[in-house]
$ cat entry-v5.pdb   # PDB, C-alpha atoms
ATOM      1  CA  MET A  10      -4.572  47.832  26.663  1.00  0.00           C
ATOM      2  CA  ALA A  11      -3.677  49.340  23.316  1.00  0.00           C
ATOM      3  CA  SER A  12      -1.381  47.704  20.816  1.00  0.00           C
ATOM      4  CA  GLN A  13       2.253  47.748  21.831  1.00  0.00           C
ATOM      5  CA  ASN A  14       3.084  49.529  18.544  1.00  0.00           C
ATOM      6  CA  ILE A  15       2.831  53.300  18.434  1.00  0.00           C
ATOM      7  CA  ILE A  16       3.791  55.965  15.898  1.00  0.00           C
ATOM      8  CA  ILE A  17       5.149  59.339  16.947  1.00  0.00           C
ATOM      9  CA  GLY A  18       6.001  62.538  15.096  1.00  0.00           C
ATOM     10  CA  ALA A  19       6.802  66.148  15.840  1.00  0.00           C
ATOM     11  CA  ASP A  20       8.107  69.346  14.391  1.00  0.00           C
ATOM     12  CA  HIS A  21      11.334  71.068  15.441  1.00  0.00           C
ATOM     13  CA  ALA A  22       9.621  72.615  18.498  1.00  0.00           C
ATOM     14  CA  GLY A  23       8.516  69.168  19.656  1.00  0.00           C
ATOM     15  CA  PHE A  24      11.709  67.306  18.762  1.00  0.00           C
ATOM     16  CA  ALA A  25      13.188  67.133  22.282  1.00  0.00           C
ATOM     17  CA  LEU A  26       9.903  66.070  23.868  1.00  0.00           C
ATOM     18  CA  LYS A  27       9.383  63.489  21.095  1.00  0.00           C
ATOM     19  CA  ASN A  28      12.731  61.908  21.960  1.00  0.00           C
ATOM     20  CA  ALA A  29      11.894  61.907  25.666  1.00  0.00           C
ATOM     21  CA  CYS A  30       8.539  60.244  24.911  1.00  0.00           C
ATOM     22  CA  LYS A  31      10.233  57.631  22.728  1.00  0.00           C
ATOM     23  CA  GLU A  32      12.583  56.814  25.589  1.00  0.00           C
ATOM     24  CA  PHE A  33       9.910  56.237  28.193  1.00  0.00           C
ATOM     25  CA  LEU A  34       7.571  54.483  25.724  1.00  0.00           C
ATOM     26  CA  THR A  35      10.348  52.042  24.866  1.00  0.00           C
ATOM     27  CA  GLY A  36      10.941  51.559  28.595  1.00  0.00           C
ATOM     28  CA  MET A  37       7.246  50.700  28.967  1.00  0.00           C
ATOM     29  CA  GLY A  38       7.598  47.972  26.324  1.00  0.00           C
ATOM     30  CA  TYR A  39       6.201  49.814  23.303  1.00  0.00           C
ATOM     31  CA  VAL A  40       7.665  49.473  19.835  1.00  0.00           C
ATOM     32  CA  VAL A  41       7.916  53.068  18.615  1.00  0.00           C
ATOM     33  CA  THR A  42       7.931  54.090  14.968  1.00  0.00           C
ATOM     34  CA  ASP A  43       9.432  57.560  14.589  1.00  0.00           C
ATOM     35  CA  ALA A  44       7.858  59.540  11.732  1.00  0.00           C
ATOM     36  CA  GLY A  45      10.408  62.315  12.247  1.00  0.00           C
ATOM     37  CA  PRO A  46      12.027  64.706  12.232  1.00  0.00           C
ATOM     38  CA  GLN A  47      15.492  63.427  13.060  1.00  0.00           C
ATOM     39  CA  ASN A  48      16.922  66.746  14.273  1.00  0.00           C
ATOM     40  CA  GLU A  49      15.901  70.216  15.453  1.00  0.00           C
ATOM     41  CA  GLU A  50      16.286  71.928  12.080  1.00  0.00           C
ATOM     42  CA  PRO A  51      13.164  73.954  11.190  1.00  0.00           C
ATOM     43  CA  VAL A  52      10.480  71.871   9.464  1.00  0.00           C
ATOM     44  CA  ASP A  53       6.810  72.257   8.559  1.00  0.00           C
ATOM     45  CA  TYR A  54       4.594  70.560  11.144  1.00  0.00           C
ATOM     46  CA  PRO A  55       1.950  69.433   8.592  1.00  0.00           C
ATOM     47  CA  ASP A  56       4.462  67.050   6.985  1.00  0.00           C
ATOM     48  CA  PHE A  57       4.826  65.053  10.198  1.00  0.00           C
ATOM     49  CA  GLY A  58       1.205  65.414  11.281  1.00  0.00           C
ATOM     50  CA  ILE A  59       0.149  64.015   7.913  1.00  0.00           C
ATOM     51  CA  ALA A  60       2.517  61.042   8.208  1.00  0.00           C
ATOM     52  CA  VAL A  61       1.199  60.023  11.633  1.00  0.00           C
ATOM     53  CA  ALA A  62      -2.481  60.744  10.921  1.00  0.00           C
ATOM     54  CA  ARG A  63      -2.350  58.893   7.600  1.00  0.00           C
ATOM     55  CA  ALA A  64      -0.930  55.821   9.369  1.00  0.00           C
ATOM     56  CA  ILE A  65      -3.679  55.951  12.009  1.00  0.00           C
ATOM     57  CA  SER A  66      -6.395  56.551   9.398  1.00  0.00           C
ATOM     58  CA  ALA A  67      -5.118  53.557   7.393  1.00  0.00           C
ATOM     59  CA  ARG A  68      -5.165  51.507  10.632  1.00  0.00           C
ATOM     60  CA  LYS A  69      -1.474  50.687  10.428  1.00  0.00           C
ATOM     61  CA  PHE A  70      -1.291  51.733  14.092  1.00  0.00           C
ATOM     62  CA  ASP A  71      -3.953  51.927  16.798  1.00  0.00           C
ATOM     63  CA  ARG A  72      -2.389  54.914  18.535  1.00  0.00           C
ATOM     64  CA  GLY A  73      -0.123  57.822  17.701  1.00  0.00           C
ATOM     65  CA  ILE A  74       1.450  60.845  19.351  1.00  0.00           C
ATOM     66  CA  LEU A  75       2.098  64.226  17.748  1.00  0.00           C
ATOM     67  CA  ILE A  76       4.007  67.161  19.207  1.00  0.00           C
ATOM     68  CA  CYS A  77       4.421  70.735  18.005  1.00  0.00           C
ATOM     69  CA  ALA A  78       4.997  74.027  19.823  1.00  0.00           C
ATOM     70  CA  SER A  79       1.409  74.564  20.992  1.00  0.00           C
ATOM     71  CA  GLY A  80      -0.168  71.307  19.837  1.00  0.00           C
ATOM     72  CA  ILE A  81      -2.825  73.257  17.964  1.00  0.00           C
ATOM     73  CA  GLY A  82      -1.362  72.908  14.467  1.00  0.00           C
ATOM     74  CA  MET A  83      -0.857  69.161  14.792  1.00  0.00           C
ATOM     75  CA  SER A  84      -4.419  68.781  16.102  1.00  0.00           C
ATOM     76  CA  ILE A  85      -5.843  70.629  13.118  1.00  0.00           C
ATOM     77  CA  VAL A  86      -3.840  68.595  10.607  1.00  0.00           C
ATOM     78  CA  ALA A  87      -4.489  65.212  12.190  1.00  0.00           C
ATOM     79  CA  ASN A  88      -8.233  65.706  12.493  1.00  0.00           C
ATOM     80  CA  LYS A  89      -8.527  66.157   8.717  1.00  0.00           C
ATOM     81  CA  PHE A  90      -8.108  62.396   8.266  1.00  0.00           C
ATOM     82  CA  PRO A  91     -11.033  59.955   8.369  1.00  0.00           C
ATOM     83  CA  GLY A  92     -11.193  57.941  11.559  1.00  0.00           C
ATOM     84  CA  VAL A  93      -8.682  60.119  13.384  1.00  0.00           C
ATOM     85  CA  ARG A  94      -9.641  61.558  16.744  1.00  0.00           C
ATOM     86  CA  ALA A  95      -6.665  63.672  17.789  1.00  0.00           C
ATOM     87  CA  ALA A  96      -6.844  65.327  21.197  1.00  0.00           C
ATOM     88  CA  LEU A  97      -4.593  68.065  22.513  1.00  0.00           C
ATOM     89  CA  CYS A  98      -3.987  67.209  26.166  1.00  0.00           C
ATOM     90  CA  LEU A  99      -2.241  69.600  28.512  1.00  0.00           C
ATOM     91  CA  ASP A 100      -2.665  67.451  31.612  1.00  0.00           C
ATOM     92  CA  ALA A 101      -3.422  63.904  32.697  1.00  0.00           C
ATOM     93  CA  ASP A 102      -7.118  64.586  33.284  1.00  0.00           C
ATOM     94  CA  MET A 103      -7.560  65.790  29.697  1.00  0.00           C
ATOM     95  CA  ALA A 104      -5.734  62.648  28.549  1.00  0.00           C
ATOM     96  CA  ARG A 105      -8.027  60.441  30.620  1.00  0.00           C
ATOM     97  CA  LEU A 106     -11.173  62.116  29.281  1.00  0.00           C
ATOM     98  CA  SER A 107      -9.912  62.063  25.686  1.00  0.00           C
ATOM     99  CA  ARG A 108      -9.782  58.269  25.886  1.00  0.00           C
ATOM    100  CA  LEU A 109     -12.709  57.627  28.237  1.00  0.00           C
ATOM    101  CA  HIS A 110     -15.258  59.773  26.370  1.00  0.00           C
ATOM    102  CA  ASN A 111     -13.786  60.408  22.907  1.00  0.00           C
ATOM    103  CA  ASN A 112     -11.725  57.275  22.214  1.00  0.00           C
ATOM    104  CA  ALA A 113      -8.908  59.527  20.959  1.00  0.00           C
ATOM    105  CA  ASN A 114      -6.385  57.625  18.867  1.00  0.00           C
ATOM    106  CA  ILE A 115      -3.807  60.400  18.572  1.00  0.00           C
ATOM    107  CA  LEU A 116      -2.475  62.218  21.599  1.00  0.00           C
ATOM    108  CA  VAL A 117      -1.237  65.712  20.813  1.00  0.00           C
ATOM    109  CA  LEU A 118       1.229  67.407  23.150  1.00  0.00           C
ATOM    110  CA  ALA A 119       2.398  71.000  23.322  1.00  0.00           C
ATOM    111  CA  GLY A 120       6.189  70.897  23.131  1.00  0.00           C
ATOM    112  CA  ARG A 121       6.656  74.400  24.525  1.00  0.00           C
ATOM    113  CA  LYS A 122       4.106  73.996  27.298  1.00  0.00           C
ATOM    114  CA  THR A 123       4.738  70.444  28.533  1.00  0.00           C
ATOM    115  CA  ASP A 124       7.792  69.347  30.522  1.00  0.00           C
ATOM    116  CA  LYS A 125       9.118  65.784  30.311  1.00  0.00           C
ATOM    117  CA  GLU A 126       7.624  64.576  33.593  1.00  0.00           C
ATOM    118  CA  SER A 127       4.204  65.999  32.760  1.00  0.00           C
ATOM    119  CA  ALA A 128       4.412  64.383  29.326  1.00  0.00           C
ATOM    120  CA  ARG A 129       5.269  61.040  30.907  1.00  0.00           C
ATOM    121  CA  ARG A 130       2.216  61.216  33.167  1.00  0.00           C
ATOM    122  CA  ILE A 131      -0.060  62.350  30.312  1.00  0.00           C
ATOM    123  CA  VAL A 132       1.161  59.532  28.049  1.00  0.00           C
ATOM    124  CA  GLU A 133       0.861  56.893  30.788  1.00  0.00           C
ATOM    125  CA  VAL A 134      -2.716  57.910  31.578  1.00  0.00           C
ATOM    126  CA  TRP A 135      -3.649  58.181  27.895  1.00  0.00           C
ATOM    127  CA  LEU A 136      -2.296  54.725  27.100  1.00  0.00           C
ATOM    128  CA  SER A 137      -3.835  53.039  30.144  1.00  0.00           C
ATOM    129  CA  THR A 138      -7.340  54.525  29.888  1.00  0.00           C
ATOM    130  CA  LEU A 139      -9.920  52.473  28.026  1.00  0.00           C
ATOM    131  CA  PHE A 140     -12.846  53.901  26.081  1.00  0.00           C
ATOM    132  CA  GLU A 141     -15.950  53.865  28.287  1.00  0.00           C
ATOM    133  CA  GLY A 142     -18.392  53.202  25.445  1.00  0.00           C
ATOM    134  CA  GLY A 143     -22.046  53.429  26.409  1.00  0.00           C
ATOM    135  CA  ARG A 144     -23.557  56.861  25.826  1.00  0.00           C
ATOM    136  CA  HIS A 145     -20.311  57.978  24.165  1.00  0.00           C
ATOM    137  CA  GLU A 146     -20.649  55.427  21.343  1.00  0.00           C
ATOM    138  CA  LYS A 147     -23.671  57.169  19.812  1.00  0.00           C
ATOM    139  CA  ARG A 148     -21.855  60.499  19.980  1.00  0.00           C
ATOM    140  CA  LEU A 149     -18.839  59.118  18.163  1.00  0.00           C
ATOM    141  CA  ALA A 150     -21.175  57.482  15.634  1.00  0.00           C
ATOM    142  CA  LYS A 151     -22.589  60.938  14.874  1.00  0.00           C
ATOM    143  CA  ILE A 152     -19.065  62.190  14.202  1.00  0.00           C
ATOM    144  CA  ASP A 153     -18.364  59.156  12.007  1.00  0.00           C
ATOM    145  CA  ASP A 154     -21.587  59.802  10.072  1.00  0.00           C
ATOM    146  CA  LEU A 155     -20.670  63.444   9.577  1.00  0.00           C
ATOM    147  CA  GLU A 156     -17.190  62.470   8.473  1.00  0.00           C
ATOM    148  CA  GLY A 157     -18.600  59.997   5.962  1.00  0.00           C
ATOM    149  CA  SER A 158     -20.997  62.530   4.497  1.00  0.00           C
ATOM    150  CA  LEU A 159     -18.294  65.195   4.247  1.00  0.00           C
ATOM    151  CA  TYR A 160     -16.015  62.903   2.286  1.00  0.00           C
ATOM    152  CA  ALA A 161     -18.878  61.726   0.076  1.00  0.00           C
ATOM    153  CA  CYS A 162     -19.951  65.163  -1.162  1.00  0.00           C
ATOM    154  CA  PRO A 163     -18.920  68.819  -0.918  1.00  0.00           C
ATOM    155  CA  ILE A 164     -20.369  70.974   1.853  1.00  0.00           C
ATOM    156  CA  SER A 165     -23.297  73.090   0.729  1.00  0.00           C
ATOM    157  CA  GLU A 166     -26.198  74.808   2.429  1.00  0.00           C
TER     158      GLU A 166
END

$ encode --input "entry-v5.pdb" --output "structure tokens"
Amino acid sequence: MASQNIIIGADHAGFALKNACKEFLTGMGYVVTDAGPQNEEPVDYPDFGIAVARAISARKFDRGILICASGIGMSIVANKFPGVRAALCLDADMARLSRLHNNANILVLAGRKTDKESARRIVEVWLSTLFEGGRHEKRLAKIDDLEGSLYACPISE
């Protein structure tokens, strides 16, 4: 089981779903840190993606959730940070595989494509699925190695 502390953030398109997720996470016993926003006024999704991904990268939290309209923008932003494995999951099976095979530490939801009940199921599966390890560990190690080399020097051919 993951830590009972989780960080969540969204943009204006994911605000309502973020609040719904906070409600059922709290009901499941999680302590939820809300990285914002605090209302549905238009905001720039990178600001909130950065806040959550930075906290995960710094290991202040084991798991995070990000929500924007499609989930694509938040995924792109979050995966810029070392040690972050953000996965856009549109259903419970994707959530299961993102943990089982990829050890995803940020769940990304599509606020305009995911209803509250689907989000609840996705989050429950994502939080309850453990990383399988085994053959997947060497694959993640390759990603970690690539990440380390990218941050150590500029990309050149």

$ resolve_selection --input "entry-v5.pdb" --expression "the PyMOL selection byres ((chain A and resi 26) around 8)" --output "NGL selection string"
:A and (23-25 or 27-30 or 76 or 120 or 124-125 or 128)

$ write_last_selection --input "entry-v5.pdb" --atoms "C-alpha atoms" --output "PDB file, keeping the file's coordinate frame"
ATOM      1  CA  GLY A  23       8.516  69.168  19.656  1.00  0.00           C
ATOM      2  CA  PHE A  24      11.709  67.306  18.762  1.00  0.00           C
ATOM      3  CA  ALA A  25      13.188  67.133  22.282  1.00  0.00           C
ATOM      4  CA  LYS A  27       9.383  63.489  21.095  1.00  0.00           C
ATOM      5  CA  ASN A  28      12.731  61.908  21.960  1.00  0.00           C
ATOM      6  CA  ALA A  29      11.894  61.907  25.666  1.00  0.00           C
ATOM      7  CA  CYS A  30       8.539  60.244  24.911  1.00  0.00           C
ATOM      8  CA  ILE A  76       4.007  67.161  19.207  1.00  0.00           C
ATOM      9  CA  GLY A 120       6.189  70.897  23.131  1.00  0.00           C
ATOM     10  CA  ASP A 124       7.792  69.347  30.522  1.00  0.00           C
ATOM     11  CA  LYS A 125       9.118  65.784  30.311  1.00  0.00           C
ATOM     12  CA  ALA A 128       4.412  64.383  29.326  1.00  0.00           C
TER      13      ALA A 128
END

$ closest_atom_pairs --input "entry-v5.pdb" --of "range 51-126 of chain A" --to "range 132-144 of chain A" --cutoff "9 Å" --atoms "only C-alpha atoms" --output "Markdown table"
| residue | atom | partner | partner_atom | distance |
| --- | --- | --- | --- | --- |
| A:Arg72 | CA | A:Leu136 | CA | 8.6 |
| A:Ile74 | CA | A:Val132 | CA | 8.8 |
| A:Ala101 | CA | A:Val134 | CA | 6.1 |
| A:Asp102 | CA | A:Val134 | CA | 8.2 |
| A:Met103 | CA | A:Trp135 | CA | 8.7 |
| A:Ala104 | CA | A:Trp135 | CA | 5.0 |
| A:Arg105 | CA | A:Trp135 | CA | 5.6 |
| A:Leu106 | CA | A:Thr138 | CA | 8.5 |
| A:Ser107 | CA | A:Trp135 | CA | 7.7 |
| A:Arg108 | CA | A:Phe140 | CA | 5.3 |
| A:Leu109 | CA | A:Phe140 | CA | 4.3 |
| A:His110 | CA | A:Glu141 | CA | 6.2 |
| A:Asn111 | CA | A:Phe140 | CA | 7.3 |
| A:Asn112 | CA | A:Phe140 | CA | 5.3 |
| A:Ala113 | CA | A:Phe140 | CA | 8.6 |
| A:Leu116 | CA | A:Trp135 | CA | 7.6 |

$ residues_around --input "entry-v5.pdb" --residues "Asp71 in chain A" --least-positions-apart "6" --cutoff "12 Å" --atoms "only C-alpha atoms" --output "ChimeraX atom specification"
/A:10-17,61-65,92-94,112-116,136

$ residues_around --input "entry-v5.pdb" --residues "Arg121 in chain A" --least-positions-apart "3" --cutoff "7 Å" --atoms "all atoms listed in the file" --output "ChimeraX atom specification"
/A:22,78-79

$ closest_residue --input "entry-v5.pdb" --among "A:Pro91, A:Glu146, A:Ile131, A:Leu97" --to "Arg68 in chain A" --atoms "all atoms listed in the file"
A:Pro91

$ resolve_selection --input "entry-v5.pdb" --expression "the PyMOL selection byres ((chain A and resi 57) around 8)" --output "mmCIF file with C-alpha atoms, in the coordinates of the input"
data_model
loop_
_atom_site.group_PDB
_atom_site.id
_atom_site.type_symbol
_atom_site.label_atom_id
_atom_site.label_comp_id
_atom_site.auth_asym_id
_atom_site.auth_seq_id
_atom_site.Cartn_x
_atom_site.Cartn_y
_atom_site.Cartn_z
ATOM 1 C CA GLY A 18 6.001 62.538 15.096
ATOM 2 C CA ALA A 19 6.802 66.148 15.840
ATOM 3 C CA ASP A 20 8.107 69.346 14.391
ATOM 4 C CA ALA A 44 7.858 59.540 11.732
ATOM 5 C CA GLY A 45 10.408 62.315 12.247
ATOM 6 C CA PRO A 46 12.027 64.706 12.232
ATOM 7 C CA ASP A 53 6.810 72.257 8.559
ATOM 8 C CA TYR A 54 4.594 70.560 11.144
ATOM 9 C CA PRO A 55 1.950 69.433 8.592
ATOM 10 C CA ASP A 56 4.462 67.050 6.985
ATOM 11 C CA GLY A 58 1.205 65.414 11.281
ATOM 12 C CA ILE A 59 0.149 64.015 7.913
ATOM 13 C CA ALA A 60 2.517 61.042 8.208
ATOM 14 C CA VAL A 61 1.199 60.023 11.633
#

$ residues_around --input "entry-v5.pdb" --residues "Val117 in chain A" --least-positions-apart "5" --cutoff "7 Å" --atoms "all atoms listed in the file" --output "PyMOL selection string"
chain A and resi 74-76+80+83-84+95-98

$ resolve_selection --input "entry-v5.pdb" --expression "the PyMOL selection byres ((chain A and resi 51) around 6)" --output "number ranges by chain"
A: 21, 50, 52

$ closest_residue --input "entry-v5.pdb" --among "A:Arg129, A:Lys147, A:Lys122, A:Lys69" --to "Thr35 in chain A" --atoms "only C-alpha atoms"
A:Arg129

$ atom_distance --input "entry-v5.pdb" --atom1 "CA of Leu34 in chain A" --atom2 "CA of Phe90 in chain A"
24.8 Å

$ atom_distance --input "entry-v5.pdb" --atom1 "CA of Cys77 in chain A" --atom2 "CA of Leu118 in chain A"
6.9 Å

$ atom_distance --input "entry-v5.pdb" --atom1 "CA of Val40 in chain A" --atom2 "CA of Ala67 in chain A"
18.3 Å
